[in-house]
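Student: Would you mind keeping the following structure in view while I ask a few things?
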Amino acid sequence: MTKKRLLILEDGTIFEGIAFGSDEASMGETVFTTGMTGYQETISNPSACGQIMAMTYPLVGNYGINRDDYEAIELAIHGIVVRELADEPSNFRSGMTLSELLTLKGVPGIEGIDTRKLTRLIREKGPLKGILTAAGEEVNVIELVEQVASYSLPTDLVARVSTKKPYPSPGRGKRVVLIDYGMKHGILRELNKRDCDVIVVPYDTSAQEILALFPDGIVLSNGPGNPENVEGAVETIKELVGKAPIFGIGLGHQLFALASGARTMKLKNGHIGGNHPVKDLLSGRTELTVQSHGYAIDASSIEGTGLEVTHLALNDKSIEGVKSTVYDAFSVQFHPEASPGPEDSNHLFDRFTKLMQTSSGKGNFNA
C-alpha cells in the first residue's frame with residue numbers, strides 16, 4: 001500500500017510523491033548529487049549529515065544494498081529524494097533493497113517527484129531548507145512552510161558523526177593518526193592498503209594527546225557542515241603543523257586552510273557527485289574527482305598564509321587543493337579515496353606515505 005509524502009521547501013515550493021523508507025518526518029538542507037551510481041556510498045557518507053539528498057540520476061536502487069559499499073556503519077543523512085525507486089533490485093551482491101535499509105535506519109525517502117525541476121530550483125537559489133513529511137499523514141502546509149523557514153541548521157554535525165573513542169586499524173608501516181571529523185571508511189582502507197598503522201581519534205582530541213601517540217603522519221578527515229563550527233579544531237591543527245606531515249581531505253582541507261590563516265566561504269552550489277573535473281596545477285593533469293562539500297577556501301584570503309594553491313575546480317574555478325610552502329602539509333577538497341567514483345587521485349595517498357618517509361618531523365613532543 002503506497003503512502004503519500006510531501007517535500008516542502010523554505011521558499012514555499014511543494015513536491016508531492018510516494019513515501020518509502022522510514023514513515024517519520026525529517027528536516028534538513030536539500031541538496032543534489034550528480035553521481036550516476038554509488039548511491040549506497042553517497043547516503044552512508046558522514047559528510048551528508050543534516051542533508052536531504054536529491055538524486056539527479058532518475059533510477060535509484062536498481063542494484064540494491066550490499067555488505068561492502070558502506071562508508072559508515074550508520075546513516076547520518078536526513079532524507080533521500082528520487083525520481084523512480086527500484087523495488088526489485090538485480091545484482092548478485094544485493095542483500096536488501098534501498099527502502100529496507102532506510103526503514104531499518106530511520107531515514108525517510110520520497111519518490112515520484114520531478115527531480116529535474118528540484119535540481120534546477122536548487123541551482124538557481126542554492127541549497128534550500130526542507131522537510132519530508134510523515135508518511136500518509138495530512139499536514140498543514142502553511143504551518144510547515146513557516147516551520148521550515150524558521151528552522152536553524154544544526155551546527156554540531158561533526159560531533160554527531162565523529163567516533164566517540166579512539167580505536168586502532170593496525171599495520172606494520174608508518175604510524176598515522178587520523179582525526180575523525182566524519183571519516184569515510186574509504187580513507188582508512190587506502191591507508192591500510194599501504195600498511196599504515198592507523199589510530200582513529202575523535203574530532204576533539206587535543207594536540208598533546210595526538211602527539212603522545214608518536215605519529216609519523218596526521219590525516220584530517222572529511223566531514224559535514226561549516227568548518228567554522230568545528231569547535232577547537234583550528235587551534236589543534238595549528239599546534240600539530242610542523243610536528244608531523246599532514247594530509248587534509250574535504251572538511252580537513254578547509255580546517256587546514258583556516259589554521260593557516262585563510263578564510264572559507266559557502267558556495268552557492270556545493271559540489272556533490274563523482275564527476276567533477278579538477279586541474280592539478282603542479283602536474284598540469286586534469287582528474288575527475290569525487291566531491292561532497294558546500295564550503296570552499298576563499299581565494300582572496302590565500303596571500304600571506306604560506307599556502308600555495310595546487311588544484312582548481314574547472315567548473316567554477318574554486319580552490320580544490322593547497323600545500324604549505326613551509327611545512328610538510330597539503331590538503332585537497334575532493335576525495336582521493338573515491339568511494340564511489342573515479343580513482344584518478346588515488347596517488348595522493350602514495351604522496352602522503354612518501355612524505356612520511358622523507359620528513360624530518362618525528363611526530364614527538366620535541367619535533
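Letters A, B, ... mark the chains of the C-alpha cells in the order given; residue numbers begin at 1 per chain; ligand numbers begin at 1, in order shown.
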Within 7 Å of Gly112 (chain A), counting only C-alpha atoms, which residues show up once you throw out same-chain ones fewer than 3 positions away? Write them as a PyMOL selection string, please.

Tutor: chain A and resi 17-18+82-84

Student: Please provide the set of residues having any atom within 12 Å of Glu209 (chain A), restricted to only C-alpha atoms, with same-chain residues fewer than 3 positions apart removed, written as a list in words.

Tutor: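 Skipping anything fewer than 3 positions along the chain leaves Pro166, Val177, Ile179, Ile199, Val201, Pro202, Tyr203, Asp204, Thr205, Ser206, Ala212, Leu213, Phe214, Pro215, Thr236, Glu239, Leu240, Gly363, Asn364 and Phe365 of chain A.
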
Student: Output N, CA and C atoms for every residue in the selection just made, as a PDB file, in the first residue's frame.

Tutor:
```
ATOM      1  N   PRO A 166      38.887   6.610  20.684  1.00  0.00           N
ATOM      2  CA  PRO A 166      39.937   6.212  19.737  1.00  0.00           C
ATOM      3  C   PRO A 166      39.892   4.708  19.482  1.00  0.00           C
ATOM      4  N   VAL A 177      47.926   9.042  12.661  1.00  0.00           N
ATOM      5  CA  VAL A 177      46.773   9.416  13.485  1.00  0.00           C
ATOM      6  C   VAL A 177      45.761  10.093  12.563  1.00  0.00           C
ATOM      7  N   ILE A 179      42.340  12.013  12.385  1.00  0.00           N
ATOM      8  CA  ILE A 179      41.340  12.755  13.159  1.00  0.00           C
ATOM      9  C   ILE A 179      40.002  12.639  12.445  1.00  0.00           C
ATOM     10  N   ILE A 199      45.634   4.988  13.851  1.00  0.00           N
ATOM     11  CA  ILE A 199      44.823   5.171  15.056  1.00  0.00           C
ATOM     12  C   ILE A 199      43.821   6.283  14.762  1.00  0.00           C
ATOM     13  N   VAL A 201      41.050   8.889  15.940  1.00  0.00           N
ATOM     14  CA  VAL A 201      40.739   9.585  17.195  1.00  0.00           C
ATOM     15  C   VAL A 201      39.554  10.526  16.983  1.00  0.00           C
ATOM     16  N   PRO A 202      38.806  10.840  18.048  1.00  0.00           N
ATOM     17  CA  PRO A 202      37.668  11.770  17.936  1.00  0.00           C
ATOM     18  C   PRO A 202      38.110  13.162  17.493  1.00  0.00           C
ATOM     19  N   TYR A 203      37.163  13.917  16.976  1.00  0.00           N
ATOM     20  CA  TYR A 203      37.446  15.250  16.421  1.00  0.00           C
ATOM     21  C   TYR A 203      37.994  16.213  17.463  1.00  0.00           C
ATOM     22  N   ASP A 204      37.641  16.011  18.733  1.00  0.00           N
ATOM     23  CA  ASP A 204      38.040  16.955  19.779  1.00  0.00           C
ATOM     24  C   ASP A 204      39.252  16.482  20.577  1.00  0.00           C
ATOM     25  N   THR A 205      39.990  15.534  20.048  1.00  0.00           N
ATOM     26  CA  THR A 205      41.224  15.087  20.700  1.00  0.00           C
ATOM     27  C   THR A 205      42.256  16.216  20.675  1.00  0.00           C
ATOM     28  N   SER A 206      42.913  16.445  21.784  1.00  0.00           N
ATOM     29  CA  SER A 206      43.864  17.555  21.862  1.00  0.00           C
ATOM     30  C   SER A 206      45.151  17.235  21.109  1.00  0.00           C
ATOM     31  N   ALA A 212      51.211  12.411  21.705  1.00  0.00           N
ATOM     32  CA  ALA A 212      51.596  11.331  22.623  1.00  0.00           C
ATOM     33  C   ALA A 212      51.483   9.966  21.961  1.00  0.00           C
ATOM     34  N   LEU A 213      50.823   9.893  20.816  1.00  0.00           N
ATOM     35  CA  LEU A 213      50.731   8.646  20.045  1.00  0.00           C
ATOM     36  C   LEU A 213      51.907   8.497  19.087  1.00  0.00           C
ATOM     37  N   PHE A 214      52.818   9.474  19.070  1.00  0.00           N
ATOM     38  CA  PHE A 214      54.025   9.475  18.246  1.00  0.00           C
ATOM     39  C   PHE A 214      53.729   9.203  16.773  1.00  0.00           C
ATOM     40  N   PRO A 215      52.915  10.058  16.142  1.00  0.00           N
ATOM     41  CA  PRO A 215      52.556   9.818  14.741  1.00  0.00           C
ATOM     42  C   PRO A 215      53.694  10.142  13.774  1.00  0.00           C
ATOM     43  N   THR A 236      43.817  23.170  17.402  1.00  0.00           N
ATOM     44  CA  THR A 236      44.539  21.901  17.481  1.00  0.00           C
ATOM     45  C   THR A 236      45.458  21.717  16.281  1.00  0.00           C
ATOM     46  N   GLU A 239      48.656  23.645  16.384  1.00  0.00           N
ATOM     47  CA  GLU A 239      49.674  23.051  17.245  1.00  0.00           C
ATOM     48  C   GLU A 239      50.344  21.842  16.602  1.00  0.00           C
ATOM     49  N   LEU A 240      49.655  21.215  15.640  1.00  0.00           N
ATOM     50  CA  LEU A 240      50.182  19.997  15.017  1.00  0.00           C
ATOM     51  C   LEU A 240      51.054  20.275  13.802  1.00  0.00           C
ATOM     52  N   GLY A 363      57.080  13.603  14.827  1.00  0.00           N
ATOM     53  CA  GLY A 363      55.790  13.479  15.482  1.00  0.00           C
ATOM     54  C   GLY A 363      55.883  13.357  16.986  1.00  0.00           C
ATOM     55  N   ASN A 364      56.957  13.814  17.602  1.00  0.00           N
ATOM     56  CA  ASN A 364      57.055  13.720  19.060  1.00  0.00           C
ATOM     57  C   ASN A 364      57.039  15.124  19.670  1.00  0.00           C
ATOM     58  N   PHE A 365      57.121  15.174  20.983  1.00  0.00           N
ATOM     59  CA  PHE A 365      56.989  16.449  21.678  1.00  0.00           C
ATOM     60  C   PHE A 365      58.143  17.407  21.374  1.00  0.00           C
TER      61      PHE A 365
END
```

Student: Could you check which of A:Thr119, A:Thr305, A:Asn66, A:Asn192 is closest to Lys323 (chain A), using only C-alpha atoms?

Tutor: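 Of A:Thr119, A:Thr305, A:Asn66, A:Asn192, the one nearest Lys323 (chain A), counting only C-alpha atoms, is A:Thr305.
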
Student: What residues in region 32-94 of chain A get the DSSP label strand (DSSP E)? Please answer as a VMD selection string.

Tutor: chain A and resid 32 to 33 51 to 55 59 to 60 79 to 82 84 to 85

Student: Keeping only all heavy atoms, take the residues you just selected and write them out as a short mmCIF file (atom, residue, chain, number, x, y, z; two decimals), in the first residue's frame.

Tutor:
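Result written to out04.cif:
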```
data_model
loop_
_atom_site.label_atom_id
_atom_site.label_comp_id
_atom_site.auth_asym_id
_atom_site.auth_seq_id
_atom_site.Cartn_x
_atom_site.Cartn_y
_atom_site.Cartn_z
N PHE A 32 21.65 18.36 -4.02
CA PHE A 32 21.58 17.31 -5.03
C PHE A 32 22.96 16.75 -5.32
O PHE A 32 23.98 17.42 -5.15
CB PHE A 32 20.92 17.82 -6.32
CG PHE A 32 21.69 18.89 -7.03
CD1 PHE A 32 22.71 18.57 -7.94
CD2 PHE A 32 21.40 20.24 -6.82
CE1 PHE A 32 23.42 19.57 -8.60
CE2 PHE A 32 22.10 21.24 -7.49
CZ PHE A 32 23.12 20.90 -8.37
N THR A 33 22.98 15.50 -5.76
CA THR A 33 24.22 14.85 -6.18
C THR A 33 24.14 14.53 -7.66
O THR A 33 23.09 14.11 -8.15
CB THR A 33 24.51 13.57 -5.38
OG1 THR A 33 25.68 12.92 -5.93
CG2 THR A 33 23.35 12.60 -5.42
N GLN A 51 21.61 16.54 5.65
CA GLN A 51 21.15 16.85 4.31
C GLN A 51 19.98 15.96 3.87
O GLN A 51 19.90 14.79 4.25
CB GLN A 51 22.30 16.68 3.31
CG GLN A 51 23.44 17.66 3.52
CD GLN A 51 24.59 17.42 2.54
OE1 GLN A 51 24.74 16.35 1.97
NE2 GLN A 51 25.42 18.44 2.35
N ILE A 52 19.10 16.53 3.06
CA ILE A 52 18.13 15.78 2.29
C ILE A 52 18.68 15.73 0.87
O ILE A 52 18.79 16.76 0.21
CB ILE A 52 16.74 16.44 2.33
CG1 ILE A 52 16.19 16.44 3.76
CG2 ILE A 52 15.76 15.72 1.39
CD1 ILE A 52 14.88 17.20 3.91
N MET A 53 19.06 14.54 0.43
CA MET A 53 19.81 14.39 -0.81
C MET A 53 18.90 14.02 -1.97
O MET A 53 18.21 13.00 -1.94
CB MET A 53 20.88 13.31 -0.65
CG MET A 53 21.81 13.15 -1.84
SD MET A 53 23.04 14.47 -1.93
CE MET A 53 24.04 14.07 -0.48
N ALA A 54 18.89 14.86 -3.01
CA ALA A 54 18.15 14.56 -4.23
C ALA A 54 19.10 13.90 -5.22
O ALA A 54 20.18 14.42 -5.52
CB ALA A 54 17.57 15.84 -4.83
N MET A 55 18.69 12.75 -5.75
CA MET A 55 19.49 12.03 -6.73
C MET A 55 19.09 12.50 -8.13
O MET A 55 17.94 12.36 -8.53
CB MET A 55 19.25 10.52 -6.60
CG MET A 55 19.47 9.98 -5.20
SD MET A 55 21.22 9.96 -4.76
CE MET A 55 21.14 9.27 -3.09
N LEU A 59 16.87 6.73 -11.96
CA LEU A 59 16.53 5.42 -11.39
C LEU A 59 17.52 5.08 -10.30
O LEU A 59 18.73 4.98 -10.55
CB LEU A 59 16.54 4.33 -12.48
CG LEU A 59 16.24 2.91 -12.00
CD1 LEU A 59 14.84 2.82 -11.40
CD2 LEU A 59 16.40 1.91 -13.15
N VAL A 60 17.02 4.87 -9.09
CA VAL A 60 17.89 4.63 -7.93
C VAL A 60 17.42 3.36 -7.22
O VAL A 60 16.22 3.12 -7.09
CB VAL A 60 17.86 5.83 -6.96
CG1 VAL A 60 18.71 5.55 -5.73
CG2 VAL A 60 18.36 7.09 -7.67
N GLY A 79 17.46 12.48 4.65
CA GLY A 79 16.39 12.10 3.73
C GLY A 79 16.91 11.92 2.32
O GLY A 79 17.99 12.41 1.98
N ILE A 80 16.14 11.22 1.49
CA ILE A 80 16.54 10.93 0.12
C ILE A 80 15.36 11.21 -0.81
O ILE A 80 14.20 10.88 -0.50
CB ILE A 80 16.98 9.47 -0.04
CG1 ILE A 80 18.17 9.18 0.87
CG2 ILE A 80 17.33 9.14 -1.48
CD1 ILE A 80 18.56 7.73 0.92
N VAL A 81 15.66 11.82 -1.96
CA VAL A 81 14.66 12.17 -2.97
C VAL A 81 15.04 11.50 -4.28
O VAL A 81 16.17 11.68 -4.75
CB VAL A 81 14.57 13.69 -3.16
CG1 VAL A 81 13.49 14.05 -4.17
CG2 VAL A 81 14.32 14.40 -1.82
N VAL A 82 14.12 10.73 -4.89
CA VAL A 82 14.42 10.05 -6.15
C VAL A 82 13.25 10.21 -7.11
O VAL A 82 12.10 10.41 -6.71
CB VAL A 82 14.73 8.55 -5.95
CG1 VAL A 82 15.86 8.36 -4.96
CG2 VAL A 82 13.50 7.78 -5.49
N GLU A 84 12.56 7.70 -9.54
CA GLU A 84 11.98 6.36 -9.58
C GLU A 84 12.80 5.43 -8.70
O GLU A 84 14.02 5.39 -8.79
CB GLU A 84 11.93 5.83 -11.01
CG GLU A 84 11.31 4.45 -11.14
CD GLU A 84 11.31 3.92 -12.56
OE1 GLU A 84 11.57 4.71 -13.48
OE2 GLU A 84 11.08 2.72 -12.75
N LEU A 85 12.13 4.68 -7.85
CA LEU A 85 12.78 3.75 -6.93
C LEU A 85 12.60 2.32 -7.45
O LEU A 85 11.49 1.91 -7.79
CB LEU A 85 12.17 3.86 -5.53
CG LEU A 85 12.72 2.89 -4.48
CD1 LEU A 85 14.13 3.28 -4.09
CD2 LEU A 85 11.81 2.87 -3.25
#
```

Student: Using only C-alpha atoms, which of A:Arg351, A:Arg5, A:His276, A:Lys174 sits nearest Glu138 (chain A)?

Tutor: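 Looking at the shortest contact to Glu138 (chain A), the residue is A:Arg5.
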
Student: Which residues come within 10 Å of Tyr63 (chain A), counting only C-alpha atoms, excluding same-chain residues fewer than 6 positions away, as a VMD selection string?

Tutor: chain A and resid 37 to 40 86 to 98

Student: Record the distance separating CA of Gly173 (chain A) and CA of Val219 (chain A), expressed in Å with one decimal.

Tutor: 15.1 Å
